[in-house]
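Shown below: target-v6.tsv, with TSV, C-alpha atoms.
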chain	number	residue	atom	x	y	z
H	1	MET	CA	35.05	-36.61	61.82
H	2	ALA	CA	38.51	-37.09	63.27
H	3	GLN	CA	40.52	-34.36	64.89
H	4	SER	CA	42.82	-32.51	62.52
H	5	ASN	CA	46.22	-31.10	63.41
H	6	ARG	CA	48.18	-29.05	60.88
H	7	SER	CA	51.39	-27.11	61.22
H	8	ALA	CA	53.66	-24.70	59.43
H	9	GLU	CA	57.08	-23.27	60.19
H	10	ALA	CA	58.25	-19.72	59.66
H	11	VAL	CA	61.96	-18.87	59.63
H	12	TRP	CA	63.06	-15.21	59.75
H	13	ARG	CA	66.57	-13.87	59.29
H	14	GLY	CA	67.55	-10.26	59.83
H	15	ALA	CA	65.95	-7.07	61.10
H	16	GLY	CA	62.23	-6.40	60.71
H	17	LYS	CA	62.38	-4.03	57.76
H	18	ASP	CA	65.29	-5.58	55.88
H	19	GLY	CA	64.98	-9.20	56.97
H	20	LYS	CA	63.57	-12.05	54.95
H	21	GLY	CA	61.77	-15.22	55.87
H	22	THR	CA	60.47	-18.49	54.52
H	23	LEU	CA	57.28	-20.42	55.18
H	24	THR	CA	57.02	-24.20	55.03
H	25	SER	CA	53.91	-26.28	55.73
H	26	SER	CA	53.88	-29.80	57.12
H	27	THR	CA	52.26	-31.12	53.92
H	28	GLY	CA	54.92	-29.51	51.73
H	29	THR	CA	52.41	-27.37	49.86
H	30	LEU	CA	54.41	-24.40	51.08
H	31	SER	CA	58.09	-25.20	50.90
H	32	GLY	CA	60.52	-22.38	51.60
H	33	VAL	CA	58.05	-19.77	50.29
H	34	PRO	CA	59.67	-16.35	50.82
H	35	TYR	CA	58.06	-13.49	52.70
H	36	SER	CA	59.32	-10.08	53.83
H	37	ALA	CA	58.23	-6.62	54.96
H	38	GLY	CA	58.36	-5.48	51.33
H	39	MET	CA	55.91	-8.22	50.40
H	40	ARG	CA	53.68	-7.35	53.34
H	41	PHE	CA	53.67	-3.56	53.26
H	42	GLY	CA	55.04	-2.71	49.79
H	43	ASP	CA	54.78	-3.94	46.23
H	44	GLU	CA	57.51	-6.56	46.35
H	45	ALA	CA	56.22	-9.73	44.66
H	46	GLY	CA	55.52	-12.63	46.99
H	47	THR	CA	53.18	-13.61	49.78
H	48	ASN	CA	52.53	-12.38	53.30
H	49	PRO	CA	50.62	-13.57	56.37
H	50	GLU	CA	47.47	-11.59	55.54
H	51	GLU	CA	47.27	-13.05	52.03
H	52	LEU	CA	47.60	-16.54	53.50
H	53	ILE	CA	44.85	-15.76	56.04
H	54	ALA	CA	42.64	-14.52	53.17
H	55	ALA	CA	43.22	-17.76	51.24
H	56	ALA	CA	42.56	-19.87	54.33
H	57	HIS	CA	39.37	-17.96	55.14
H	58	ALA	CA	37.98	-18.15	51.60
H	59	GLY	CA	38.74	-21.87	51.39
H	60	CYS	CA	37.35	-22.68	54.85
H	61	PHE	CA	34.18	-20.67	54.19
H	62	ASN	CA	33.56	-22.36	50.81
H	63	MET	CA	34.01	-25.80	52.33
H	64	ALA	CA	31.69	-25.02	55.28
H	65	LEU	CA	29.06	-23.68	52.87
H	66	ALA	CA	29.39	-26.69	50.53
H	67	PHE	CA	28.80	-29.06	53.47
H	68	ALA	CA	25.79	-27.02	54.66
H	69	LEU	CA	24.22	-26.81	51.20
H	70	SER	CA	24.82	-30.50	50.50
H	71	GLY	CA	23.31	-31.42	53.86
H	72	ALA	CA	20.21	-29.41	52.93
H	73	GLY	CA	19.89	-31.30	49.64
H	74	HIS	CA	21.35	-28.58	47.42
H	75	PRO	CA	24.94	-29.49	46.51
H	76	PRO	CA	26.57	-26.49	44.83
H	77	GLU	CA	27.89	-26.55	41.28
H	78	GLU	CA	30.38	-23.83	42.18
H	79	LEU	CA	31.22	-21.50	45.06
H	80	ARG	CA	33.67	-18.68	44.34
H	81	THR	CA	34.75	-16.53	47.29
H	82	THR	CA	37.19	-13.67	47.54
H	83	ALA	CA	38.40	-12.72	51.02
H	84	LYS	CA	39.88	-9.24	51.50
H	85	VAL	CA	41.82	-8.85	54.74
H	86	LYS	CA	42.11	-5.33	56.12
H	87	MET	CA	45.10	-4.66	58.36
H	88	GLU	CA	45.44	-1.38	60.21
H	89	LYS	CA	47.47	0.23	62.95
H	90	ALA	CA	46.26	-0.83	66.37
H	91	ASP	CA	45.63	1.41	69.34
H	92	GLY	CA	48.74	1.31	71.47
H	93	GLY	CA	51.06	0.45	68.55
H	94	GLY	CA	51.57	-2.40	66.16
H	95	PHE	CA	49.03	-3.68	63.67
H	96	ARG	CA	45.88	-5.78	63.76
H	97	ILE	CA	43.58	-7.49	61.32
H	98	ALA	CA	40.52	-5.29	61.63
H	99	ALA	CA	38.19	-6.81	59.08
H	100	VAL	CA	37.65	-9.48	56.48
H	101	GLU	CA	35.26	-8.92	53.59
H	102	LEU	CA	33.97	-12.12	51.98
H	103	THR	CA	32.48	-11.81	48.49
H	104	LEU	CA	30.71	-14.95	47.32
H	105	THR	CA	29.13	-15.98	44.05
H	106	GLY	CA	27.54	-19.40	43.88
H	107	LYS	CA	25.81	-21.68	41.42
H	108	VAL	CA	23.31	-23.75	43.39
H	109	PRO	CA	20.43	-25.22	41.38
H	110	GLY	CA	16.98	-25.13	42.95
H	111	LEU	CA	17.85	-22.71	45.76
H	112	SER	CA	16.31	-19.28	46.36
H	113	ASP	CA	18.42	-16.20	47.05
H	114	GLU	CA	17.04	-16.07	50.59
H	115	GLU	CA	17.97	-19.70	51.34
H	116	PHE	CA	21.41	-19.19	49.78
H	117	ARG	CA	22.10	-16.14	51.95
H	118	LYS	CA	20.86	-17.97	55.06
H	119	HIS	CA	23.27	-20.86	54.45
H	120	ALA	CA	26.09	-18.44	53.58
H	121	GLU	CA	25.62	-16.50	56.83
H	122	GLY	CA	25.67	-19.76	58.76
H	123	ALA	CA	28.89	-20.82	57.05
H	124	LYS	CA	30.44	-17.41	57.75
H	125	ALA	CA	29.68	-17.75	61.45
H	126	GLY	CA	30.56	-21.45	61.68
H	127	CYS	CA	33.73	-21.85	59.64
H	128	PRO	CA	36.73	-22.47	61.94
H	129	VAL	CA	38.78	-19.64	60.40
H	130	SER	CA	35.96	-17.15	61.04
H	131	LYS	CA	35.82	-18.32	64.63
H	132	VAL	CA	39.54	-17.78	65.23
H	133	LEU	CA	39.69	-14.27	63.75
H	134	ASN	CA	39.11	-11.31	66.04
H	135	ALA	CA	37.86	-9.11	63.21
H	136	ASP	CA	34.66	-7.73	61.72
H	137	ILE	CA	33.67	-10.23	59.02
H	138	THR	CA	31.21	-9.09	56.35
H	139	LEU	CA	29.60	-11.13	53.59
H	140	ASN	CA	28.22	-10.16	50.20
H	141	ALA	CA	26.57	-13.27	48.70
H	142	GLN	CA	24.79	-13.75	45.40
H	143	LEU	CA	23.63	-16.62	43.23
H	144	SER	CA	24.65	-16.68	39.61
H	145	SER	CA	22.90	-18.42	36.80
Would you encode the structure as structure tokens?
Amino acid sequence: MAQSNRSAEAVWRGAGKDGKGTLTSSTGTLSGVPYSAGMRFGDEAGTNPEELIAAAHAGCFNMALAFALSGAGHPPEELRTTAKVKMEKADGGGFRIAAVELTLTGKVPGLSDEEFRKHAEGAKAGCPVSKVLNADITLNAQLSS
């Protein structure tokens, strides 16, 4: 597989609390998407960095698991993962992403619960987003019928 390079740009205008920013990805999938402190710490509608990390982690994990299952002869019918990112105040000030909770439900014909969990744990450890996060990552995995 070839090397992959992706990029995104964040523009911020104004003070931390009252400022506003936009996010744009090199592919154009995100194009001037607004973000702000109210979206991050309050109930203002919109996205924030932690939500984007959650989406990236869930997507990366599902793809890693799909490749692992397919390689083992059990291509999945469906993998559905929710990633919950927990941000908390850090020692010494500021904030940090402390944990990510992955909740997975999968439809994989011909696979036992034990095999499914084994592949899911491997994908959790091996997905590139898991590797880059300095957080406690937990996994709750179950097969559905």
I need every residue sitting at most 10 Å from the point (54.9, -31.4, 58.4) (coordinates as in the file, only C-alpha atoms considered), written as a short mmCIF file (atom, residue, chain, number, x, y, z; two decimals) with C-alpha atoms, in the coordinates of the input.
data_model
loop_
_atom_site.label_atom_id
_atom_site.label_comp_id
_atom_site.auth_asym_id
_atom_site.auth_seq_id
_atom_site.Cartn_x
_atom_site.Cartn_y
_atom_site.Cartn_z
CA ARG H 6 48.18 -29.05 60.88
CA SER H 7 51.39 -27.11 61.22
CA ALA H 8 53.66 -24.70 59.43
CA GLU H 9 57.08 -23.27 60.19
CA THR H 24 57.02 -24.20 55.03
CA SER H 25 53.91 -26.28 55.73
CA SER H 26 53.88 -29.80 57.12
CA THR H 27 52.26 -31.12 53.92
CA GLY H 28 54.92 -29.51 51.73
CA THR H 29 52.41 -27.37 49.86
#
| Got a sec: who's within 9 Å of H:Asp113, counting only C-alpha atoms, leaving out chain neighbours fewer than 6 positions off, as an NGL selection string? | :H and (141-143)
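Relative to atom CA of H:Ala98, atom CA of H:Ala135 is found at 4.9 Å.
Of the residues under consideration (H:Asn5, H:Cys127, H:Gly46, H:Ala83), H:Gly46 shows the shortest atom-to-atom contact distance to H:Thr22 when counting all atoms listed in the file.
The space separating atom CA of H:Gly16 from atom CA of H:Arg96 comes to 16.6 Å.
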H:Thr138 proximity check over H:Glu121, H:Glu101, H:Asp91, H:Glu115, using all atoms listed in the file: winner is H:Glu101
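Interatomic distance, atom CA of H:Thr103 to atom CA of H:Met63: 14.6 Å.
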Using all atoms listed in the file, the residue out of H:Ala125, H:Lys17, H:Leu52, H:Asp43 with shortest distance to H:Leu30 is H:Leu52
Residue contacts of H:Ser112 (12 Å, all atoms listed in the file) excluding same-chain residues fewer than 2 positions away, as an mmCIF file with C-alpha atoms, keeping the file's coordinate frame:
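File produced: around_21.cif:
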data_model
loop_
_atom_site.group_PDB
_atom_site.id
_atom_site.type_symbol
_atom_site.label_atom_id
_atom_site.label_comp_id
_atom_site.auth_asym_id
_atom_site.auth_seq_id
_atom_site.Cartn_x
_atom_site.Cartn_y
_atom_site.Cartn_z
ATOM 1 C CA LEU H 69 24.220 -26.810 51.200
ATOM 2 C CA HIS H 74 21.350 -28.580 47.420
ATOM 3 C CA GLY H 106 27.540 -19.400 43.880
ATOM 4 C CA LYS H 107 25.810 -21.680 41.420
ATOM 5 C CA VAL H 108 23.310 -23.750 43.390
ATOM 6 C CA PRO H 109 20.430 -25.220 41.380
ATOM 7 C CA GLY H 110 16.980 -25.130 42.950
ATOM 8 C CA GLU H 114 17.040 -16.070 50.590
ATOM 9 C CA GLU H 115 17.970 -19.700 51.340
ATOM 10 C CA PHE H 116 21.410 -19.190 49.780
ATOM 11 C CA ARG H 117 22.100 -16.140 51.950
ATOM 12 C CA LYS H 118 20.860 -17.970 55.060
ATOM 13 C CA HIS H 119 23.270 -20.860 54.450
ATOM 14 C CA GLN H 142 24.790 -13.750 45.400
ATOM 15 C CA LEU H 143 23.630 -16.620 43.230
ATOM 16 C CA SER H 144 24.650 -16.680 39.610
ATOM 17 C CA SER H 145 22.900 -18.420 36.800
#
Missing atoms in stretch 89-103 of chain H: fill them in up to N, CA, C and O atoms and send the result as an mmCIF file, in the coordinates of the input.
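Result file selection_12.cif:
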data_model
loop_
_atom_site.group_PDB
_atom_site.id
_atom_site.type_symbol
_atom_site.label_atom_id
_atom_site.label_comp_id
_atom_site.auth_asym_id
_atom_site.auth_seq_id
_atom_site.Cartn_x
_atom_site.Cartn_y
_atom_site.Cartn_z
ATOM 1 N N LYS H 89 46.727 -0.029 61.718
ATOM 2 C CA LYS H 89 47.470 0.230 62.950
ATOM 3 C C LYS H 89 46.533 0.050 64.137
ATOM 4 O O LYS H 89 45.383 0.471 64.101
ATOM 5 N N ALA H 90 47.055 -0.575 65.166
ATOM 6 C CA ALA H 90 46.260 -0.830 66.370
ATOM 7 C C ALA H 90 46.471 0.271 67.387
ATOM 8 O O ALA H 90 47.518 0.919 67.413
ATOM 9 N N ASP H 91 45.465 0.480 68.221
ATOM 10 C CA ASP H 91 45.630 1.410 69.340
ATOM 11 C C ASP H 91 46.743 0.883 70.214
ATOM 12 O O ASP H 91 46.792 -0.304 70.514
ATOM 13 N N GLY H 92 47.638 1.742 70.621
ATOM 14 C CA GLY H 92 48.740 1.310 71.470
ATOM 15 C C GLY H 92 49.944 0.802 70.687
ATOM 16 O O GLY H 92 50.899 0.305 71.270
ATOM 17 N N GLY H 93 49.919 0.873 69.367
ATOM 18 C CA GLY H 93 51.060 0.450 68.550
ATOM 19 C C GLY H 93 50.839 -0.887 67.883
ATOM 20 O O GLY H 93 49.936 -1.643 68.221
ATOM 21 N N GLY H 94 51.668 -1.159 66.911
ATOM 22 C CA GLY H 94 51.570 -2.400 66.160
ATOM 23 C C GLY H 94 50.417 -2.376 65.175
ATOM 24 O O GLY H 94 49.859 -1.327 64.870
ATOM 25 N N PHE H 95 50.090 -3.543 64.667
ATOM 26 C CA PHE H 95 49.030 -3.680 63.670
ATOM 27 C C PHE H 95 48.055 -4.763 64.108
ATOM 28 O O PHE H 95 48.365 -5.588 64.954
ATOM 29 N N ARG H 96 46.869 -4.736 63.502
ATOM 30 C CA ARG H 96 45.880 -5.780 63.760
ATOM 31 C C ARG H 96 45.046 -6.007 62.504
ATOM 32 O O ARG H 96 44.902 -5.104 61.677
ATOM 33 N N ILE H 97 44.531 -7.206 62.385
ATOM 34 C CA ILE H 97 43.580 -7.490 61.320
ATOM 35 C C ILE H 97 42.233 -6.991 61.823
ATOM 36 O O ILE H 97 41.687 -7.519 62.784
ATOM 37 N N ALA H 98 41.740 -5.948 61.176
ATOM 38 C CA ALA H 98 40.520 -5.290 61.630
ATOM 39 C C ALA H 98 39.265 -5.886 61.009
ATOM 40 O O ALA H 98 38.210 -5.899 61.635
ATOM 41 N N ALA H 99 39.388 -6.354 59.777
ATOM 42 C CA ALA H 99 38.190 -6.810 59.080
ATOM 43 C C ALA H 99 38.544 -7.781 57.968
ATOM 44 O O ALA H 99 39.658 -7.765 57.447
ATOM 45 N N VAL H 100 37.566 -8.608 57.641
ATOM 46 C CA VAL H 100 37.650 -9.480 56.480
ATOM 47 C C VAL H 100 36.339 -9.330 55.722
ATOM 48 O O VAL H 100 35.261 -9.443 56.309
ATOM 49 N N GLU H 101 36.437 -9.043 54.443
ATOM 50 C CA GLU H 101 35.260 -8.920 53.590
ATOM 51 C C GLU H 101 35.210 -10.147 52.680
ATOM 52 O O GLU H 101 36.115 -10.366 51.878
ATOM 53 N N LEU H 102 34.170 -10.953 52.828
ATOM 54 C CA LEU H 102 33.970 -12.120 51.980
ATOM 55 C C LEU H 102 32.988 -11.758 50.871
ATOM 56 O O LEU H 102 31.907 -11.236 51.147
ATOM 57 N N THR H 103 33.365 -12.015 49.629
ATOM 58 C CA THR H 103 32.480 -11.810 48.490
ATOM 59 C C THR H 103 32.289 -13.154 47.816
ATOM 60 O O THR H 103 33.253 -13.762 47.353
#
